[in-house]
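> Following this line is protein.csv, made up of CSV, C-alpha atoms:
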```
chain,number,residue,atom,x,y,z
J,1,MET,CA,-139.7,-122.3,-140.4
J,2,VAL,CA,-139.0,-120.8,-137.0
J,3,GLN,CA,-137.5,-124.1,-135.8
J,4,ARG,CA,-135.1,-124.1,-138.8
J,5,MET,CA,-134.0,-120.6,-137.9
J,6,ILE,CA,-133.3,-121.6,-134.3
J,7,LEU,CA,-131.5,-124.8,-135.5
J,8,VAL,CA,-129.3,-122.7,-137.9
J,9,GLY,CA,-128.7,-120.2,-135.1
J,10,LEU,CA,-127.6,-122.9,-132.7
J,11,LEU,CA,-125.3,-124.5,-135.3
J,12,LEU,CA,-123.7,-121.2,-136.3
J,13,ALA,CA,-123.3,-119.8,-132.8
J,14,PRO,CA,-120.0,-121.6,-132.0
J,15,ALA,CA,-118.5,-120.6,-135.4
J,16,LEU,CA,-119.5,-117.0,-134.8
J,17,ALA,CA,-118.1,-117.0,-131.3
J,18,ALA,CA,-114.8,-118.5,-132.6
J,19,ALA,CA,-114.6,-115.8,-135.3
J,20,GLN,CA,-115.2,-113.1,-132.6
J,21,ASP,CA,-112.6,-114.6,-130.3
J,22,SER,CA,-110.0,-114.6,-133.1
J,23,ARG,CA,-110.4,-110.8,-133.4
J,24,LYS,CA,-109.8,-110.1,-129.7
J,25,MET,CA,-107.0,-107.7,-128.9
J,26,VAL,CA,-104.0,-109.3,-127.2
J,27,GLU,CA,-102.0,-107.3,-124.8
J,28,VAL,CA,-98.2,-107.4,-125.5
J,29,ASP,CA,-95.3,-105.4,-124.2
J,30,PRO,CA,-94.3,-102.7,-126.7
J,31,ILE,CA,-90.7,-103.0,-125.4
J,32,ARG,CA,-88.8,-105.4,-123.2
J,33,CYS,CA,-85.1,-105.0,-122.3
J,34,TRP,CA,-82.6,-106.9,-120.2
J,35,TRP,CA,-79.0,-106.9,-119.2
J,36,ARG,CA,-76.4,-109.7,-119.7
J,37,THR,CA,-72.9,-109.6,-118.2
J,38,SER,CA,-69.9,-111.8,-119.1
J,39,SER,CA,-69.2,-112.3,-115.4
J,40,SER,CA,-71.2,-112.0,-112.2
J,41,ALA,CA,-68.0,-111.1,-110.3
J,42,VAL,CA,-65.1,-108.9,-111.3
J,43,ARG,CA,-61.9,-107.5,-109.8
J,44,MET,CA,-60.9,-103.9,-109.7
J,45,GLY,CA,-59.8,-102.7,-113.2
J,46,GLU,CA,-60.7,-106.0,-114.9
J,47,PRO,CA,-62.6,-105.4,-118.2
J,48,PHE,CA,-65.9,-107.3,-118.6
J,49,ASN,CA,-68.7,-107.2,-121.1
J,50,VAL,CA,-72.1,-105.8,-120.4
J,51,GLY,CA,-74.8,-106.5,-123.0
J,52,LEU,CA,-78.1,-104.6,-123.3
J,53,THR,CA,-80.7,-106.3,-125.4
J,54,CYS,CA,-84.2,-104.9,-126.3
J,55,ALA,CA,-87.1,-106.4,-128.2
J,56,VAL,CA,-89.5,-103.8,-129.7
J,57,LEU,CA,-92.9,-104.5,-131.3
J,58,GLU,CA,-93.1,-104.0,-135.1
J,59,ALA,CA,-96.5,-105.2,-136.2
J,60,ASP,CA,-98.7,-104.2,-139.2
J,61,GLY,CA,-100.4,-101.3,-137.4
J,62,VAL,CA,-98.0,-100.5,-134.6
J,63,THR,CA,-94.3,-99.7,-134.5
J,64,VAL,CA,-92.2,-98.9,-131.4
J,65,ILE,CA,-89.5,-96.4,-132.0
J,66,PRO,CA,-86.9,-96.4,-129.1
J,67,ASP,CA,-84.5,-93.5,-128.6
J,68,GLU,CA,-81.2,-95.2,-129.1
J,69,SER,CA,-79.1,-92.1,-129.1
J,70,GLN,CA,-78.4,-92.4,-125.3
J,71,LEU,CA,-77.4,-96.1,-125.6
J,72,THR,CA,-74.2,-95.8,-127.6
J,73,ASP,CA,-71.0,-96.6,-125.8
J,74,SER,CA,-69.9,-93.0,-126.1
J,75,ALA,CA,-73.1,-91.7,-124.5
J,76,ILE,CA,-74.1,-94.2,-121.8
J,77,GLN,CA,-73.1,-93.7,-118.2
J,78,LEU,CA,-72.8,-96.8,-116.0
J,79,ASN,CA,-71.3,-95.3,-112.8
J,80,PRO,CA,-69.4,-96.6,-110.8
J,81,PHE,CA,-68.4,-98.6,-113.8
J,82,GLU,CA,-66.4,-97.0,-116.6
J,83,VAL,CA,-67.3,-97.8,-120.2
J,84,ILE,CA,-64.1,-98.2,-122.1
J,85,GLY,CA,-65.6,-99.4,-125.4
J,86,GLY,CA,-68.5,-101.1,-127.1
J,87,SER,CA,-70.3,-102.1,-130.3
J,88,HIS,CA,-73.7,-102.2,-131.8
J,89,PRO,CA,-74.4,-105.4,-133.8
J,90,PRO,CA,-77.0,-105.4,-136.6
J,91,ASP,CA,-80.6,-105.6,-135.6
J,92,LEU,CA,-82.5,-108.9,-135.9
J,93,ARG,CA,-86.1,-109.5,-136.7
J,94,SER,CA,-88.3,-112.4,-135.6
J,95,GLY,CA,-92.0,-112.4,-136.1
J,96,GLN,CA,-93.4,-109.1,-134.9
J,97,ARG,CA,-90.3,-108.2,-132.9
J,98,ARG,CA,-87.1,-106.3,-133.7
J,99,PHE,CA,-84.2,-107.1,-131.4
J,100,PHE,CA,-81.4,-104.5,-131.0
J,101,GLN,CA,-78.3,-104.9,-128.9
J,102,TYR,CA,-75.5,-102.8,-127.5
J,103,GLU,CA,-72.3,-104.4,-126.1
J,104,TYR,CA,-70.2,-102.4,-123.7
J,105,ILE,CA,-66.7,-103.1,-122.3
J,106,ALA,CA,-66.7,-101.9,-118.8
J,107,ARG,CA,-64.5,-101.9,-115.7
J,108,VAL,CA,-64.8,-100.8,-112.1
J,109,ILE,CA,-62.3,-98.2,-110.9
J,110,ASN,CA,-63.8,-97.2,-107.5
J,111,PRO,CA,-61.9,-98.8,-104.6
J,112,ASP,CA,-64.8,-98.1,-102.2
J,113,VAL,CA,-66.9,-100.9,-103.8
J,114,ILE,CA,-64.4,-103.8,-103.1
J,115,GLY,CA,-66.3,-106.7,-101.5
J,116,GLN,CA,-69.7,-105.4,-102.5
J,117,ASP,CA,-72.5,-106.3,-104.9
J,118,VAL,CA,-72.7,-103.2,-107.1
J,119,PRO,CA,-75.8,-102.7,-109.2
J,120,LEU,CA,-75.7,-101.3,-112.7
J,121,PRO,CA,-77.3,-97.9,-112.5
J,122,ASN,CA,-81.0,-97.5,-113.4
J,123,LEU,CA,-81.3,-97.1,-117.1
J,124,VAL,CA,-84.4,-95.6,-118.7
J,125,VAL,CA,-85.1,-96.3,-122.4
J,126,HIS,CA,-87.4,-93.6,-124.0
J,127,TYR,CA,-89.6,-94.7,-126.8
J,128,ARG,CA,-92.7,-93.8,-128.8
J,129,VAL,CA,-95.5,-96.0,-130.2
J,130,ASN,CA,-96.4,-95.1,-133.7
J,131,SER,CA,-99.7,-96.3,-135.1
J,132,ARG,CA,-100.9,-96.7,-138.6
J,133,LEU,CA,-104.6,-95.7,-139.0
J,134,PRO,CA,-106.9,-96.6,-141.9
J,135,GLY,CA,-106.1,-94.8,-145.1
J,136,ASN,CA,-102.3,-95.0,-144.4
J,137,ALA,CA,-102.4,-92.1,-141.9
J,138,ALA,CA,-99.8,-92.3,-139.2
J,139,MET,CA,-100.2,-91.2,-135.6
J,140,GLN,CA,-97.1,-90.6,-133.5
J,141,GLY,CA,-97.5,-91.5,-129.8
J,142,ARG,CA,-96.3,-89.6,-126.8
J,143,ASP,CA,-92.9,-90.1,-125.2
J,144,LEU,CA,-92.9,-93.2,-122.9
J,145,SER,CA,-90.2,-94.6,-120.6
J,146,TYR,CA,-89.1,-98.2,-119.9
J,147,LEU,CA,-87.0,-98.9,-116.8
J,148,LEU,CA,-84.6,-101.8,-117.1
J,149,PRO,CA,-84.7,-104.5,-114.4
J,150,PRO,CA,-81.7,-104.3,-112.0
J,151,GLN,CA,-78.5,-106.3,-112.5
J,152,THR,CA,-75.7,-106.5,-109.9
J,153,ILE,CA,-72.0,-107.4,-110.2
J,154,ARG,CA,-69.8,-108.5,-107.3
J,155,VAL,CA,-66.5,-106.7,-107.0
J,156,LEU,CA,-64.1,-109.2,-105.5
J,157,SER,CA,-60.7,-107.6,-104.9
J,158,LEU,CA,-58.2,-105.1,-105.9
J,159,VAL,CA,-56.0,-107.5,-107.8
J,160,PRO,CA,-56.4,-111.1,-109.0
J,161,SER,CA,-55.4,-113.7,-106.5
J,162,ASP,CA,-53.1,-115.4,-109.0
J,163,ALA,CA,-51.1,-112.3,-110.0
J,164,THR,CA,-47.4,-113.0,-110.0
J,165,ASP,CA,-46.0,-109.5,-110.7
J,166,ILE,CA,-47.3,-107.7,-107.5
J,167,ARG,CA,-44.6,-106.0,-105.4
J,168,ASP,CA,-44.9,-105.5,-101.6
```
Please express what this file holds, its structure, as structure tokens.


Amino acid sequence: MVQRMILVGLLLAPALAAAQDSRKMVEVDPIRCWWRTSSSAVRMGEPFNVGLTCAVLEADGVTVIPDESQLTDSAIQLNPFEVIGGSHPPDLRSGQRRFFQYEYIARVINPDVIGQDVPLPNLVVHYRVNSRLPGNAAMQGRDLSYLLPPQTIRVLSLVPSDATDIRD
């Protein structure tokens, strides 16, 4: 009888270990953002597109709520670049992630940066992690911050080299 118990234990051990492994917590980023520009080099006054894309976690028990109020084209400051317009396309969902995006139309107007690599300013996205507890109780997390990775843009010249209407 004892031998059968040991044999059953040895046979069931891998199945129990696999079941325990499937319940392990997996660490994921609650939010991840990145920049995308239409051009890596621009001329003074030339409009170009700057895109901000973020992926936030929206799982069964956890929802990330970013503060998007500071990301609109009328609120964001990208000095020394001037934001002259923008848009906010509809959000997309894929698996446990929600993707939101802001498109800005910007230009550089500071003549002191000609011939330099100019970084987009540091942008901090504030967010909260809301959790759903057993019994449908919700718990709101504290205010957290995400700092976007840097992105630089080269400022080439004052006017395009192929401009034909420039006067001496």

> For the atom pair CA of Glu82 in chain J and CA of Ile109 in chain J, what is the interatomic distance in Å to one decimal place?

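CA of Ile109 in chain J lies at a distance of 7.1 Å from CA of Glu82 in chain J.
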
> Using only C-alpha atoms, which of J:Val64, J:Val125, J:Leu156, J:Leu133 sits nearest Trp34 in chain J?

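Distance minimum relative to Trp34 in chain J lands on J:Val125.
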
> For Val50 in chain J, which of J:Ile105, J:Ile76, J:Leu71, J:Cys33 is the closest residue, counting all atoms listed in the file?

J:Ile105

> Residues near Val118 in chain J, anyone? I mean within 10 Å using only C-alpha atoms, not counting same-chain ones fewer than 4 positions away, as a PyMOL selection string.

chain J and resi 41+79-81+108+113-114+151-155

> Mind pulling up the distance from CA of Pro119 in chain J to CA of Pro30 in chain J?

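Straight-line distance from CA of Pro30 in chain J to CA of Pro119 in chain J works out to 25.5 Å.
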
> Using all atoms listed in the file, can you tell me which of J:Ile31, J:Ala137, J:Leu123, J:Leu158 comes closest to Thr63 in chain J?

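Result for the nearest residue to Thr63 in chain J: J:Ile31.
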
> With a distance cut-off of 12 Å and all atoms listed in the file, select the neighbouring residues of Val28 in chain J, excluding the residue or stretch itself and same-chain residues fewer than 5 positions from it, and output the selection as a ChimeraX atom specification.

/J:55-59,62,64,96-97

> Which value, in Å to one decimal, gives the distance between CA of Arg142 in chain J and CA of Pro121 in chain J?

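Distance between the two atoms: 25.2 Å.
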
> Which protein, DNA or RNA residues have an atom at most 10 Å from (-72.6, -103.2, -129.3), counting all atoms listed in the file? List them as an MDAnalysis selection string.

chainID J and resid 49:53 71:73 85:90 100:105

> Keeping only C-alpha atoms, write the selected residues to a file as a CSV table (one decimal), keeping the file's coordinate frame.


```
chain,number,residue,atom,x,y,z
J,49,ASN,CA,-68.7,-107.2,-121.1
J,50,VAL,CA,-72.1,-105.8,-120.4
J,51,GLY,CA,-74.8,-106.5,-123.0
J,52,LEU,CA,-78.1,-104.6,-123.3
J,53,THR,CA,-80.7,-106.3,-125.4
J,71,LEU,CA,-77.4,-96.1,-125.6
J,72,THR,CA,-74.2,-95.8,-127.6
J,73,ASP,CA,-71.0,-96.6,-125.8
J,85,GLY,CA,-65.6,-99.4,-125.4
J,86,GLY,CA,-68.5,-101.1,-127.1
J,87,SER,CA,-70.3,-102.1,-130.3
J,88,HIS,CA,-73.7,-102.2,-131.8
J,89,PRO,CA,-74.4,-105.4,-133.8
J,90,PRO,CA,-77.0,-105.4,-136.6
J,100,PHE,CA,-81.4,-104.5,-131.0
J,101,GLN,CA,-78.3,-104.9,-128.9
J,102,TYR,CA,-75.5,-102.8,-127.5
J,103,GLU,CA,-72.3,-104.4,-126.1
J,104,TYR,CA,-70.2,-102.4,-123.7
J,105,ILE,CA,-66.7,-103.1,-122.3
```

> Looking at only C-alpha atoms, which of J:Val124, J:Met44, J:Ile84, J:Val129 is the one that sits closest to Glu68 in chain J?

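Nearest candidate to Glu68 in chain J out of J:Val124, J:Met44, J:Ile84, J:Val129: J:Val124.
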